[in-house]
Amino acid sequence: MSSVFKVQKTIREIFLKILDNHSLEQLNKIPEGFKNNVIWNVAHCISSQQVLVYKLSGLPTLVSDEFIDKYKKGTKPEADVSQAELDEIKRLLFATLEQTEKDYAENVFNHYTFYKTSMGFDLENVQDALDFVSYHEGIHTGIIMSLQKFI
């Protein structure tokens with residue numbers, strides 16, 4: 001397993017532990033001073049990984065366009081996430097990562113559309129995207145840790 005996938009697996013295990021150790025009400029709570037909640041941050045990481053790795057590689061995503069649109073950059077929670085949606089997000093945490101690792105090993109990422117992130121990172125290939133995903137998910141881990149103090 002590549003170190004980038006080890007990092008992402010660890011982050012997603014942290015996310016799962018957080019999801020499992022809070023009530024649905026806590027996960028949906030948007031504390032004062034915040035624009036989103038714990039569950040949005042977790043789902044946003046899944047959505048962003050799919051866009052940065054699959055869409056920019058010209059490949060179909062492993063999640064629906066509706067999922068991506070609901071959790072993409074610039075969005076915020078419009079309604080509480082249901083238990084069924086939470087269960088799906090938990091499943092996607094690892095299903096998407098496992099499939100990405102498999103696809104990477106099988107060299108399916110042959111094309112990549114250059115993308116400059118809002119933070120100024122230039123993504124020129126799928127390896128750049130995977131490296132950035134680790135950084136991005138680390139940022140959201142920190143945000144989630146802050147949110148936990150207020151839920």
# chains A, B, ... in the order shown; residues from 1 in each chain; ligands from 1

call {"tool": "residues_around", "arguments": {"residues": "stretch 29-34 of chain A", "least_positions_apart": "3", "cutoff": "8 Å", "atoms": "only C-alpha atoms", "output": "PyMOL selection string"}}
result
chain A and resi 25-26+37-38+147+150-151

call {"tool": "residues_around", "arguments": {"residues": "A:Leu59", "least_positions_apart": "3", "cutoff": "10 Å", "atoms": "only C-alpha atoms", "output": "list in words"}}
result
Gln50, Val51, Val53, Tyr54, Lys55, Leu56, Leu62, Val108, Phe109, Asn110, His111 and Tyr112 of chain A

call {"tool": "residues_around", "arguments": {"residues": "A:Ile18", "least_positions_apart": "5", "cutoff": "12 Å", "atoms": "only C-alpha atoms", "output": "PyMOL selection string"}}
result
chain A and resi 11-13+23-24+26-27+38-39+41-42+90+141+144-145+147-148+151

call {"tool": "select_by_dssp", "arguments": {"residues": "chain A", "states": "alpha helix (DSSP H)", "output": "MDAnalysis selection string"}}
result
chainID A and resid 3:20 24:28 38:49 65:71 83:105 126:148

call {"tool": "select_by_dssp", "arguments": {"residues": "chain A", "states": "strand (DSSP E or B)", "output": "PyMOL selection string"}}
result
chain A and resi 115-116+122-123

call {"tool": "atom_distance", "arguments": {"atom1": "atom CA of A:Gln99", "atom2": "atom CA of A:Thr117"}}
result
23.7 Å

call {"tool": "atom_distance", "arguments": {"atom1": "atom CA of A:Tyr71", "atom2": "atom CA of A:Met119"}}
result
18.3 Å

call {"tool": "residues_around", "arguments": {"residues": "A:Asp131", "least_positions_apart": "6", "cutoff": "12 Å", "atoms": "only C-alpha atoms", "output": "NGL selection string"}}
result
:A and (2-8 or 49 or 52-53 or 121-125 or 137-138)
